[in-house]
file my_file_16.cif (mmCIF, C-alpha atoms)
data_coords
#
loop_
_atom_site.label_atom_id
_atom_site.label_comp_id
_atom_site.auth_asym_id
_atom_site.auth_seq_id
_atom_site.Cartn_x
_atom_site.Cartn_y
_atom_site.Cartn_z
CA MET B 1 -19.88 59.21 -31.55
CA VAL B 2 -21.59 58.42 -34.80
CA LYS B 3 -23.90 55.44 -34.77
CA GLU B 4 -24.57 54.03 -38.19
CA ARG B 5 -27.93 52.74 -37.11
CA GLN B 6 -29.69 52.59 -33.79
CA GLY B 7 -28.69 49.09 -32.79
CA GLU B 8 -31.68 46.81 -32.19
CA ARG B 9 -31.90 45.80 -28.58
CA CYS B 10 -30.52 42.32 -28.74
CA ARG B 11 -29.88 40.86 -25.34
CA LEU B 12 -29.25 37.14 -25.57
CA TYR B 13 -28.08 36.72 -22.02
CA THR B 14 -29.71 36.73 -18.62
CA ARG B 15 -28.45 39.13 -16.02
CA GLY B 16 -26.83 37.79 -12.91
CA THR B 17 -25.21 39.21 -9.81
CA ILE B 18 -21.99 37.98 -8.32
CA LEU B 19 -22.59 37.45 -4.65
CA GLY B 20 -19.17 36.40 -3.49
CA TYR B 21 -17.08 33.31 -3.22
CA LYS B 22 -18.11 29.92 -2.02
CA ARG B 23 -17.48 30.06 1.68
CA SER B 24 -18.13 28.86 5.15
CA LYS B 25 -18.39 31.24 8.06
CA SER B 26 -14.76 32.17 8.25
CA ASN B 27 -13.12 30.59 5.23
CA GLN B 28 -13.67 31.38 1.60
CA TYR B 29 -12.76 29.39 -1.49
CA PRO B 30 -12.17 31.80 -4.37
CA ASN B 31 -12.05 29.21 -7.11
CA THR B 32 -15.87 28.99 -7.06
CA SER B 33 -18.13 32.02 -7.10
CA LEU B 34 -21.77 32.28 -6.15
CA VAL B 35 -24.07 33.92 -8.63
CA GLN B 36 -27.67 34.96 -8.39
CA ILE B 37 -29.40 34.69 -11.76
CA GLU B 38 -32.34 37.01 -12.30
CA ASN B 39 -35.77 35.39 -12.01
CA VAL B 40 -34.38 32.05 -10.92
CA ASN B 41 -35.73 31.26 -7.51
CA THR B 42 -35.71 27.53 -6.98
CA LYS B 43 -33.28 24.68 -7.28
CA ASP B 44 -35.34 23.02 -10.05
CA GLU B 45 -35.19 26.08 -12.26
CA VAL B 46 -31.39 26.01 -12.11
CA SER B 47 -31.18 22.76 -14.07
CA TRP B 48 -31.88 24.67 -17.29
CA TYR B 49 -28.88 26.90 -16.65
CA GLN B 50 -26.41 24.22 -15.73
CA GLY B 51 -23.44 24.27 -18.07
CA LYS B 52 -24.34 27.59 -19.63
CA LYS B 53 -21.49 29.99 -20.24
CA MET B 54 -21.12 33.20 -18.30
CA ALA B 55 -19.00 36.24 -18.78
CA TYR B 56 -17.87 38.82 -16.28
CA VAL B 57 -17.25 41.98 -18.26
CA TYR B 58 -15.18 44.84 -16.91
CA LYS B 59 -13.29 47.89 -18.06
CA ALA B 60 -9.63 48.68 -17.72
CA LYS B 61 -7.48 51.67 -18.46
CA VAL B 62 -5.06 49.95 -20.82
CA LYS B 63 -6.36 48.90 -24.23
CA LYS B 64 -5.96 45.24 -24.97
CA ASN B 65 -6.81 43.84 -28.38
CA GLY B 66 -8.06 47.29 -29.31
CA SER B 67 -10.61 47.60 -26.53
CA HIS B 68 -10.92 48.93 -23.00
CA TYR B 69 -13.36 46.12 -22.22
CA ARG B 70 -12.19 42.81 -20.87
CA CYS B 71 -13.93 39.63 -19.97
CA ILE B 72 -13.53 36.57 -17.79
CA TRP B 73 -15.38 33.50 -19.10
CA GLY B 74 -16.89 30.88 -16.89
CA LYS B 75 -19.81 28.55 -16.59
CA VAL B 76 -22.61 27.57 -14.28
CA THR B 77 -21.62 24.40 -12.50
CA ARG B 78 -24.34 23.50 -10.01
CA PRO B 79 -27.07 24.89 -7.83
CA HIS B 80 -26.18 26.26 -4.43
CA GLY B 81 -28.88 25.74 -1.87
CA ASN B 82 -32.61 25.69 -2.48
CA THR B 83 -33.41 29.19 -3.64
CA GLY B 84 -31.89 29.42 -7.08
CA ILE B 85 -28.39 30.60 -6.28
CA VAL B 86 -25.83 29.02 -8.52
CA ARG B 87 -22.19 28.06 -8.22
CA ALA B 88 -19.93 29.10 -11.05
CA LYS B 89 -16.36 28.47 -12.01
CA PHE B 90 -14.42 30.92 -14.10
CA LYS B 91 -11.35 30.53 -16.22
CA SER B 92 -9.47 32.56 -13.68
CA ASN B 93 -10.88 33.37 -10.28
CA LEU B 94 -13.03 36.45 -10.15
CA PRO B 95 -11.45 39.49 -8.53
CA PRO B 96 -12.97 40.59 -5.22
CA LYS B 97 -14.08 43.88 -6.68
CA SER B 98 -16.58 41.92 -8.81
CA MET B 99 -18.75 41.19 -5.80
CA GLY B 100 -22.11 42.80 -6.27
CA SER B 101 -21.57 43.44 -9.96
CA ARG B 102 -23.12 42.15 -13.11
CA VAL B 103 -22.45 38.86 -14.85
CA ARG B 104 -23.94 37.75 -18.18
CA VAL B 105 -25.38 34.27 -18.30
CA PHE B 106 -25.68 33.20 -21.92
CA MET B 107 -28.10 30.72 -23.42
CA TYR B 108 -25.41 28.54 -24.95
CA PRO B 109 -24.33 25.66 -25.04
CA SER B 110 -27.97 25.16 -25.82
CA ASN B 111 -30.02 22.03 -25.52
CA ILE B 112 -33.38 23.18 -26.85
CA MET I 1 -30.53 -32.87 -39.33
CA ALA I 2 -28.90 -29.85 -40.88
CA PRO I 3 -26.51 -28.18 -38.44
CA LYS I 4 -28.34 -24.88 -38.67
CA ASP I 5 -31.53 -26.32 -37.20
CA ARG I 6 -30.01 -27.22 -33.85
CA LYS I 7 -31.13 -25.29 -30.83
CA PRO I 8 -28.37 -23.73 -28.76
CA HIS I 9 -27.28 -26.37 -26.27
CA VAL I 10 -28.12 -25.98 -22.60
CA SER I 11 -25.45 -27.16 -20.18
CA ARG I 12 -25.59 -30.87 -19.38
CA ASN I 13 -24.29 -30.16 -15.92
CA PRO I 14 -26.66 -27.91 -14.02
CA ASP I 15 -25.22 -25.78 -11.22
CA LEU I 16 -25.97 -26.62 -7.63
CA ILE I 17 -24.34 -23.42 -6.53
CA ARG I 18 -22.32 -21.15 -8.75
CA GLY I 19 -19.08 -23.02 -9.43
CA VAL I 20 -20.30 -26.44 -8.29
CA GLY I 21 -21.93 -28.75 -10.82
CA LYS I 22 -24.35 -31.51 -10.04
CA TYR I 23 -22.41 -34.26 -11.77
CA SER I 24 -18.90 -35.49 -11.14
CA ARG I 25 -16.20 -35.84 -13.72
CA SER I 26 -16.84 -39.50 -14.36
CA LYS I 27 -20.59 -38.94 -14.64
CA MET I 28 -20.01 -36.15 -17.13
CA TYR I 29 -17.75 -38.41 -19.14
CA HIS I 30 -20.62 -40.81 -19.41
CA LYS I 31 -23.18 -38.11 -20.15
CA ARG I 32 -21.16 -36.55 -22.94
CA GLY I 33 -21.01 -39.90 -24.64
CA LEU I 34 -17.24 -39.96 -24.93
CA TRP I 35 -17.39 -43.75 -24.33
CA ALA I 36 -19.57 -44.07 -27.43
CA ILE I 37 -17.21 -41.98 -29.55
CA LYS I 38 -14.29 -44.09 -28.41
CA ALA I 39 -16.11 -47.31 -29.10
CA LYS I 40 -16.94 -46.14 -32.59
CA ASN I 41 -13.30 -45.39 -33.17
CA GLY I 42 -11.96 -48.72 -31.89
CA GLY I 43 -10.98 -47.91 -28.35
CA ALA I 44 -9.10 -44.64 -28.72
CA PHE I 45 -10.18 -41.11 -29.16
CA PRO I 46 -10.26 -39.98 -32.82
CA LYS I 47 -7.26 -37.90 -33.74
CA HIS I 48 -6.62 -35.52 -36.56
CA GLU I 49 -3.25 -35.57 -38.14
CA LYS I 50 -1.40 -32.39 -37.52
CA LYS I 51 -1.01 -30.25 -40.59
CA ALA I 52 2.59 -29.88 -41.59
CA ALA I 53 3.60 -26.49 -40.32
CA ASP I 54 4.49 -24.09 -43.11
CA ALA I 55 8.22 -23.60 -43.17
CA ALA I 56 8.75 -20.20 -41.57
CA PRO I 57 10.47 -17.85 -44.01
CA ALA I 58 14.11 -17.58 -43.13
CA VAL I 59 14.57 -14.47 -41.01
CA LYS I 60 17.94 -12.79 -40.95
CA PRO I 61 19.02 -11.74 -37.50
CA PRO I 62 18.41 -7.96 -37.39
CA LYS I 63 21.42 -5.71 -37.59
CA PHE I 64 20.14 -3.34 -34.96
CA TYR I 65 18.46 -4.00 -31.64
CA PRO I 66 17.04 -0.86 -30.02
CA ALA I 67 18.31 -0.31 -26.48
CA ASP I 68 14.88 0.15 -24.82
CA ASP I 69 11.65 -1.50 -25.71
CA ILE I 70 9.54 0.75 -27.91
CA LYS I 71 5.98 1.26 -26.71
CA LYS I 72 3.31 0.29 -29.17
CA PRO I 73 0.47 2.78 -29.47
CA LEU I 74 -2.84 1.50 -28.14
CA VAL I 75 -5.45 0.25 -30.57
CA ASN I 76 -8.03 2.91 -31.41
CA LYS I 77 -11.19 1.68 -33.09
CA ARG I 78 -13.20 4.89 -32.85
CA LYS I 79 -14.99 6.09 -35.92
CA ALA I 80 -15.52 9.76 -36.60
CA ARG I 81 -19.22 10.58 -36.72
CA PRO I 82 -21.09 13.87 -36.96
CA THR I 83 -22.63 15.06 -33.68
CA LYS I 84 -26.03 13.66 -32.94
CA LEU I 85 -28.67 16.02 -34.25
CA ARG I 86 -31.29 17.06 -31.71
CA ALA I 87 -34.76 15.72 -32.42
CA SER I 88 -36.09 19.27 -32.56
CA ILE I 89 -33.88 20.17 -35.53
CA THR I 90 -35.21 18.94 -38.88
CA PRO I 91 -34.66 20.40 -42.37
CA GLY I 92 -36.74 23.55 -42.59
CA THR I 93 -36.73 24.37 -38.88
CA VAL I 94 -36.28 28.00 -37.97
CA LEU I 95 -33.29 28.35 -35.65
CA ILE I 96 -32.20 31.24 -33.48
CA ILE I 97 -28.48 31.88 -33.57
CA LEU I 98 -27.15 32.66 -30.12
CA ALA I 99 -23.63 33.91 -30.69
CA GLY I 100 -21.37 35.37 -33.29
CA ARG I 101 -21.91 38.04 -35.87
CA PHE I 102 -25.51 37.03 -36.52
CA LYS I 103 -26.65 36.56 -32.95
CA GLY I 104 -30.36 36.81 -32.48
CA LYS I 105 -31.13 36.17 -36.13
CA ARG I 106 -33.79 33.69 -37.05
CA VAL I 107 -32.52 31.44 -39.74
CA VAL I 108 -33.61 28.38 -41.75
CA PHE I 109 -31.87 25.04 -41.20
CA LEU I 110 -30.98 23.12 -44.35
CA LYS I 111 -28.92 20.08 -43.45
CA GLN I 112 -26.21 18.71 -41.21
CA LEU I 113 -22.76 18.47 -42.77
CA THR I 114 -20.39 15.57 -42.20
CA SER I 115 -18.35 17.61 -39.75
CA GLY I 116 -21.43 17.89 -37.53
CA LEU I 117 -22.00 21.58 -38.21
CA LEU I 118 -25.38 22.76 -39.40
CA LEU I 119 -25.82 24.32 -42.83
CA VAL I 120 -28.03 27.33 -42.52
CA THR I 121 -29.27 30.22 -44.63
CA GLY I 122 -31.05 33.51 -43.83
CA PRO I 123 -32.31 33.61 -46.53
CA PHE I 124 -29.88 36.33 -47.45
CA LYS I 125 -32.45 38.72 -48.88
CA ILE I 126 -34.58 38.55 -45.78
CA ASN I 127 -32.10 38.92 -42.96
CA GLY I 128 -28.61 39.13 -44.41
CA VAL I 129 -27.44 35.72 -43.24
CA PRO I 130 -25.68 33.89 -46.11
CA LEU I 131 -25.19 30.16 -46.50
CA ARG I 132 -23.27 29.46 -43.37
CA ARG I 133 -22.18 26.78 -40.98
CA VAL I 134 -23.26 26.93 -37.37
CA ASN I 135 -22.60 24.73 -34.39
CA GLN I 136 -25.56 22.94 -32.89
CA SER I 137 -24.80 24.12 -29.37
CA TYR I 138 -25.06 27.76 -30.32
CA VAL I 139 -28.54 27.50 -31.70
CA ILE I 140 -32.07 27.28 -30.33
CA ALA I 141 -34.55 25.31 -32.41
CA THR I 142 -38.01 26.80 -32.63
CA SER I 143 -41.11 24.86 -33.50
CA THR I 144 -41.64 26.88 -36.68
CA LYS I 145 -40.97 24.94 -39.85
CA VAL I 146 -40.46 26.12 -43.41
CA ASP I 147 -41.04 23.95 -46.43
CA VAL I 148 -37.62 23.12 -47.92
CA SER I 149 -38.63 20.48 -50.41
CA GLY I 150 -37.80 22.75 -53.32
CA VAL I 151 -34.22 23.32 -52.26
CA ASN I 152 -31.26 21.30 -53.48
CA VAL I 153 -28.41 21.29 -51.00
CA GLU I 154 -26.49 18.30 -52.29
CA LYS I 155 -23.46 20.23 -53.44
CA PHE I 156 -22.64 21.89 -50.13
CA ASP I 157 -20.14 20.25 -47.83
CA ASP I 158 -17.39 21.35 -45.48
CA LYS I 159 -14.89 21.80 -48.27
CA TYR I 160 -17.09 24.43 -49.88
CA PHE I 161 -16.71 26.56 -46.79
CA GLY I 162 -13.05 25.93 -46.22
CA LYS I 163 -10.43 28.60 -46.67
CA LYS I 164 -9.06 28.88 -50.13
CA VAL I 165 -5.45 27.76 -50.41
CA GLU I 166 -3.48 30.54 -52.02
CA LYS I 167 -0.92 29.72 -54.58
CA LYS I 168 2.56 30.70 -53.56
CA THR I 169 3.55 33.96 -55.19
CA LYS I 170 7.09 34.43 -56.24
CA LYS I 171 8.96 37.04 -54.36
CA GLY I 172 9.17 39.98 -56.69
CA GLU I 173 9.90 43.13 -54.79
CA GLY I 174 8.01 45.57 -56.91
CA GLU I 175 4.93 43.40 -57.24
CA PHE I 176 4.93 42.42 -53.60
CA PHE I 177 2.58 45.04 -52.24
CA GLU I 178 0.32 45.45 -55.23
CA ALA I 179 -0.60 41.89 -56.09
CA GLU I 180 -1.53 40.81 -52.58
CA LYS I 181 -4.28 43.27 -51.88
CA GLU I 182 -6.26 42.88 -55.07
CA GLU I 183 -8.04 39.58 -54.81
CA LYS I 184 -8.73 39.13 -51.14
CA ASN I 185 -12.03 40.78 -50.35
CA THR I 186 -14.46 39.98 -53.11
CA LEU I 187 -16.75 37.00 -52.79
CA PRO I 188 -16.51 34.82 -55.91
CA GLN I 189 -19.50 35.07 -58.20
CA ASP I 190 -20.32 31.38 -58.09
CA LYS I 191 -20.92 31.58 -54.34
CA LYS I 192 -23.32 34.44 -54.90
CA ASP I 193 -25.12 32.37 -57.52
CA ASP I 194 -25.37 29.41 -55.16
CA GLN I 195 -26.91 31.67 -52.56
CA LYS I 196 -29.46 32.94 -55.03
CA SER I 197 -30.47 29.52 -56.25
CA VAL I 198 -30.96 28.16 -52.74
CA ASP I 199 -32.85 31.21 -51.60
CA ALA I 200 -35.15 31.40 -54.60
CA ALA I 201 -37.03 28.24 -53.70
CA LEU I 202 -36.98 29.11 -50.01
CA ILE I 203 -38.34 32.61 -50.37
CA ALA I 204 -41.18 31.30 -52.49
CA SER I 205 -42.31 28.93 -49.75
CA ILE I 206 -41.75 31.57 -47.07
CA GLU I 207 -44.00 34.09 -48.75
CA CYS I 208 -46.84 31.60 -48.73
CA VAL I 209 -47.03 31.76 -44.97
CA PRO I 210 -48.39 35.02 -43.55
CA ASP I 211 -45.92 37.04 -41.42
CA LEU I 212 -43.11 34.49 -41.79
CA LYS I 213 -41.00 36.86 -43.81
CA SER I 214 -41.06 39.60 -41.20
CA TYR I 215 -40.58 36.97 -38.49
CA LEU I 216 -37.36 35.85 -40.14
CA GLY I 217 -36.30 39.43 -40.63
CA ALA I 218 -36.70 40.32 -36.97
CA ARG I 219 -34.09 39.55 -34.36
CA PHE I 220 -34.75 37.61 -31.20
CA SER I 221 -33.97 39.33 -27.94
CA LEU I 222 -34.66 38.75 -24.29
CA LYS I 223 -36.85 41.44 -22.82
CA ALA I 224 -37.53 42.45 -19.24
CA GLY I 225 -39.30 39.74 -17.32
CA MET I 226 -38.50 36.99 -19.85
CA LYS I 227 -37.29 33.85 -18.18
CA PRO I 228 -35.36 31.64 -20.60
CA HIS I 229 -35.91 28.56 -18.50
CA GLU I 230 -39.66 29.01 -18.86
CA LEU I 231 -39.80 30.04 -22.49
CA VAL I 232 -41.21 27.60 -24.99
CA PHE I 233 -39.60 28.00 -28.34
#
call {"tool": "encode", "arguments": {"input": "my_file_16.cif", "output": "structure tokens"}}
result
Amino acid sequence: MVKERQGERCRLYTRGTILGYKRSKSNQYPNTSLVQIENVNTKDEVSWYQGKKMAYVYKAKVKKNGSHYRCIWGKVTRPHGNTGIVRAKFKSNLPPKSMGSRVRVFMYPSNI
Amino acid sequence: MAPKDRKPHVSRNPDLIRGVGKYSRSKMYHKRGLWAIKAKNGGAFPKHEKKAADAAPAVKPPKFYPADDIKKPLVNKRKARPTKLRASITPGTVLIILAGRFKGKRVVFLKQLTSGLLLVTGPFKINGVPLRRVNQSYVIATSTKVDVSGVNVEKFDDKYFGKKVEKKTKKGEGEFFEAEKEEKNTLPQDKKDDQKSVDAALIASIECVPDLKSYLGARFSLKAGMKPHELVF
């Protein structure tokens, strides 16, 4: 692969981990996912992230729109509990294989 | 006394409880002085003569009555306004673009257009961002300001950035493929000149401040350990 220029590291998103679906002990509700955002450890810190867009990025064998990469968009809806976990809703429910994998939490729509 | 000098009148009939006044009907009649008005007028209440009603224009019975009643659309009195500009964004503020082709670039804010979008420029020589529109939600305002007093942005509005309407070409088979491709990709010279004129004044004021030029040329990025919710821009 030829790179025209070494791309500058430009990460404008925070990393997050998908923990699973919103659930009780024996029932789960796949329309809402739980996400752990890096370095967010309390309920108060979550207020900054509320409403921010997230993307779950994954690869597939078939090329769509010229790329093997696909994405499911979603957003942070509310905090979950006291220790910084966050509830998120996506345009379509996340697939179960996403549990434990990376999600990008962007800094927009911004309010600063 | 001139009518305008009168104080607004308090009720003559104070409430005992909500809905129940202190004075009865007959007492109120006396209080309002209706007896005095009648006496002045010779025993009867003064009447105005009714104005002769204008003869209604003769309406022909309509030829066609619709079978069902047509719904009238609801009244809409909303006015279109540009989105409210955040207090942190003033002309000359350095903004960080968060998404799109120029994500991470630090850019100078010029003005808000009537559509609500923000007019922004690199300047082009410094970081490659041309005169461009950007949405307020996709931007972080920093506390760094640049002096934009020397820049004239009056002529830029949303129409300037709109897509050019192409004239309809006649369908000539031979010319079909050739004529289309020629004029699409070049940027018209007057846009380049506009960019230069806006940037000239800006670059002059940027170079006065130490390090500002390289600051605008560098991209913003989150690094390890950076917590956006704790960052102060």
call {"tool": "residues_around", "arguments": {"input": "my_file_16.cif", "residues": "Val40 of chain B", "least_positions_apart": "3", "cutoff": "12 Å", "atoms": "only C-alpha atoms", "output": "MDAnalysis selection string"}}
result
(chainID B and resid 14:17 35:37 43:49 79:80 82:86 105) or (chainID I and resid 225:230)
call {"tool": "resolve_selection", "arguments": {"input": "my_file_16.cif", "expression": "the PyMOL selection byres ((chain B) within 6 of (chain I))", "output": "list in words"}}
result
Cys10, Arg11, Leu12, Trp48, Tyr108, Pro109, Ser110 and Ile112 of chain B
call {"tool": "atom_distance", "arguments": {"input": "my_file_16.cif", "atom1": "atom CA of Pro188 of chain I", "atom2": "atom CA of Val151 of chain I"}}
result
21.4 Å
call {"tool": "residues_near_point", "arguments": {"input": "my_file_16.cif", "point": "(-18.0, 39.4, -5.5)", "cutoff": "10 Å", "atoms": "all atoms listed in the file", "output": "list in words"}}
result
Thr17, Ile18, Leu19, Gly20, Tyr21, Pro30, Ser33, Leu34, Val35, Leu94, Pro95, Pro96, Lys97, Ser98, Met99, Gly100, Ser101 and Arg102 of chain B
call {"tool": "write_last_selection", "arguments": {"input": "my_file_16.cif", "atoms": "C-alpha atoms", "output": "mmCIF file, in the coordinates of the input"}}
result
data_model
loop_
_atom_site.group_PDB
_atom_site.id
_atom_site.type_symbol
_atom_site.label_atom_id
_atom_site.label_comp_id
_atom_site.auth_asym_id
_atom_site.auth_seq_id
_atom_site.Cartn_x
_atom_site.Cartn_y
_atom_site.Cartn_z
ATOM 1 C CA THR B 17 -25.210 39.210 -9.810
ATOM 2 C CA ILE B 18 -21.990 37.980 -8.320
ATOM 3 C CA LEU B 19 -22.590 37.450 -4.650
ATOM 4 C CA GLY B 20 -19.170 36.400 -3.490
ATOM 5 C CA TYR B 21 -17.080 33.310 -3.220
ATOM 6 C CA PRO B 30 -12.170 31.800 -4.370
ATOM 7 C CA SER B 33 -18.130 32.020 -7.100
ATOM 8 C CA LEU B 34 -21.770 32.280 -6.150
ATOM 9 C CA VAL B 35 -24.070 33.920 -8.630
ATOM 10 C CA LEU B 94 -13.030 36.450 -10.150
ATOM 11 C CA PRO B 95 -11.450 39.490 -8.530
ATOM 12 C CA PRO B 96 -12.970 40.590 -5.220
ATOM 13 C CA LYS B 97 -14.080 43.880 -6.680
ATOM 14 C CA SER B 98 -16.580 41.920 -8.810
ATOM 15 C CA MET B 99 -18.750 41.190 -5.800
ATOM 16 C CA GLY B 100 -22.110 42.800 -6.270
ATOM 17 C CA SER B 101 -21.570 43.440 -9.960
ATOM 18 C CA ARG B 102 -23.120 42.150 -13.110
#
call {"tool": "resolve_selection", "arguments": {"input": "my_file_16.cif", "expression": "the PyMOL selection byres ((chain B and resi 92) around 10)", "output": "MDAnalysis selection string"}}
result
chainID B and resid 30:32 72:74 89:91 93:95
call {"tool": "closest_residue", "arguments": {"input": "my_file_16.cif", "among": "I:Lys71, I:Lys196, I:Lys50, I:Lys159", "to": "Pro123 of chain I", "atoms": "only C-alpha atoms"}}
result
I:Lys196
call {"tool": "resolve_selection", "arguments": {"input": "my_file_16.cif", "expression": "the PyMOL selection byres ((chain I and resi 115) around 9)", "output": "PyMOL selection string"}}
result
chain I and resi 80-83+112-114+116-118+157-158
call {"tool": "axis_aligned_box", "arguments": {"input": "my_file_16.cif", "around": "segment 50-57 of chain B", "padding_each_side": "5 Å", "output": "lines of an AutoDock Vina configuration file"}}
result
center_x = -21.8
center_y = 33.1
center_z = -18.0
size_x = 19.2
size_y = 27.8
size_z = 14.5
call {"tool": "residues_around", "arguments": {"input": "my_file_16.cif", "residues": "segment 127-133 of chain I", "least_positions_apart": "3", "cutoff": "6 Å", "atoms": "only C-alpha atoms", "output": "ChimeraX atom specification"}}
result
/I:117-122,124,217
call {"tool": "atom_distance", "arguments": {"input": "my_file_16.cif", "atom1": "atom CA of Val103 of chain B", "atom2": "atom CA of Tyr56 of chain B"}}
result
4.8 Å
call {"tool": "atom_distance", "arguments": {"input": "my_file_16.cif", "atom1": "atom CA of Thr77 of chain B", "atom2": "atom CA of Lys59 of chain B"}}
result
25.5 Å
call {"tool": "closest_residue", "arguments": {"input": "my_file_16.cif", "among": "I:Gly162, I:Gly92, I:Pro61, I:Pro210", "to": "Arg106 of chain I", "atoms": "all atoms listed in the file"}}
result
I:Gly92
call {"tool": "residues_around", "arguments": {"input": "my_file_16.cif", "residues": "Lys75 of chain B", "least_positions_apart": "5", "cutoff": "7 Å", "atoms": "all atoms listed in the file", "output": "MDAnalysis selection string"}}
result
chainID B and resid 51:54 88:90
call {"tool": "write_last_selection", "arguments": {"input": "my_file_16.cif", "atoms": "C-alpha atoms", "output": "short mmCIF file (atom, residue, chain, number, x, y, z; two decimals), in the frame of the given file"}}
result
data_model
loop_
_atom_site.label_atom_id
_atom_site.label_comp_id
_atom_site.auth_asym_id
_atom_site.auth_seq_id
_atom_site.Cartn_x
_atom_site.Cartn_y
_atom_site.Cartn_z
CA GLY B 51 -23.44 24.27 -18.07
CA LYS B 52 -24.34 27.59 -19.63
CA LYS B 53 -21.49 29.99 -20.24
CA MET B 54 -21.12 33.20 -18.30
CA ALA B 88 -19.93 29.10 -11.05
CA LYS B 89 -16.36 28.47 -12.01
CA PHE B 90 -14.42 30.92 -14.10
#
call {"tool": "closest_residue", "arguments": {"input": "my_file_16.cif", "among": "I:Ile96, I:Val198, I:Ile203, I:Ile126", "to": "Val146 of chain I", "atoms": "all atoms listed in the file"}}
result
I:Ile203
call {"tool": "build_atoms", "arguments": {"input": "my_file_16.cif", "residues": "segment 78-91 of chain I", "atoms": "N, CA and C atoms", "output": "PDB file, in the frame of the given file"}}
result
ATOM      1  N   ARG I  78     -12.122   3.902 -32.767  1.00  0.00           N
ATOM      2  CA  ARG I  78     -13.200   4.890 -32.850  1.00  0.00           C
ATOM      3  C   ARG I  78     -13.418   5.333 -34.280  1.00  0.00           C
ATOM      4  N   LYS I  79     -14.673   5.558 -34.594  1.00  0.00           N
ATOM      5  CA  LYS I  79     -14.990   6.090 -35.920  1.00  0.00           C
ATOM      6  C   LYS I  79     -15.484   7.513 -35.768  1.00  0.00           C
ATOM      7  N   ALA I  80     -15.068   8.369 -36.690  1.00  0.00           N
ATOM      8  CA  ALA I  80     -15.520   9.760 -36.600  1.00  0.00           C
ATOM      9  C   ALA I  80     -16.960   9.847 -37.101  1.00  0.00           C
ATOM     10  N   ARG I  81     -17.830  10.430 -36.307  1.00  0.00           N
ATOM     11  CA  ARG I  81     -19.220  10.580 -36.720  1.00  0.00           C
ATOM     12  C   ARG I  81     -19.662  12.005 -36.475  1.00  0.00           C
ATOM     13  N   PRO I  82     -20.593  12.518 -37.265  1.00  0.00           N
ATOM     14  CA  PRO I  82     -21.090  13.870 -36.960  1.00  0.00           C
ATOM     15  C   PRO I  82     -21.880  13.849 -35.670  1.00  0.00           C
ATOM     16  N   THR I  83     -21.902  15.002 -34.962  1.00  0.00           N
ATOM     17  CA  THR I  83     -22.630  15.060 -33.680  1.00  0.00           C
ATOM     18  C   THR I  83     -24.086  14.694 -33.883  1.00  0.00           C
ATOM     19  N   LYS I  84     -24.639  14.092 -32.841  1.00  0.00           N
ATOM     20  CA  LYS I  84     -26.030  13.660 -32.940  1.00  0.00           C
ATOM     21  C   LYS I  84     -26.921  14.889 -33.043  1.00  0.00           C
ATOM     22  N   LEU I  85     -27.795  14.871 -34.019  1.00  0.00           N
ATOM     23  CA  LEU I  85     -28.670  16.020 -34.250  1.00  0.00           C
ATOM     24  C   LEU I  85     -29.846  15.941 -33.290  1.00  0.00           C
ATOM     25  N   ARG I  86     -30.155  17.055 -32.621  1.00  0.00           N
ATOM     26  CA  ARG I  86     -31.290  17.060 -31.710  1.00  0.00           C
ATOM     27  C   ARG I  86     -32.570  16.753 -32.453  1.00  0.00           C
ATOM     28  N   ALA I  87     -33.506  16.098 -31.771  1.00  0.00           N
ATOM     29  CA  ALA I  87     -34.760  15.720 -32.420  1.00  0.00           C
ATOM     30  C   ALA I  87     -35.541  16.948 -32.876  1.00  0.00           C
ATOM     31  N   SER I  88     -35.306  18.084 -32.210  1.00  0.00           N
ATOM     32  CA  SER I  88     -36.090  19.270 -32.560  1.00  0.00           C
ATOM     33  C   SER I  88     -35.600  19.936 -33.838  1.00  0.00           C
ATOM     34  N   ILE I  89     -34.440  19.509 -34.338  1.00  0.00           N
ATOM     35  CA  ILE I  89     -33.880  20.170 -35.530  1.00  0.00           C
ATOM     36  C   ILE I  89     -34.082  19.270 -36.743  1.00  0.00           C
ATOM     37  N   THR I  90     -34.975  19.691 -37.642  1.00  0.00           N
ATOM     38  CA  THR I  90     -35.210  18.940 -38.880  1.00  0.00           C
ATOM     39  C   THR I  90     -35.076  19.932 -40.041  1.00  0.00           C
ATOM     40  N   PRO I  91     -34.817  19.443 -41.263  1.00  0.00           N
ATOM     41  CA  PRO I  91     -34.660  20.400 -42.370  1.00  0.00           C
ATOM     42  C   PRO I  91     -35.881  21.300 -42.497  1.00  0.00           C
TER      43      PRO I  91
END
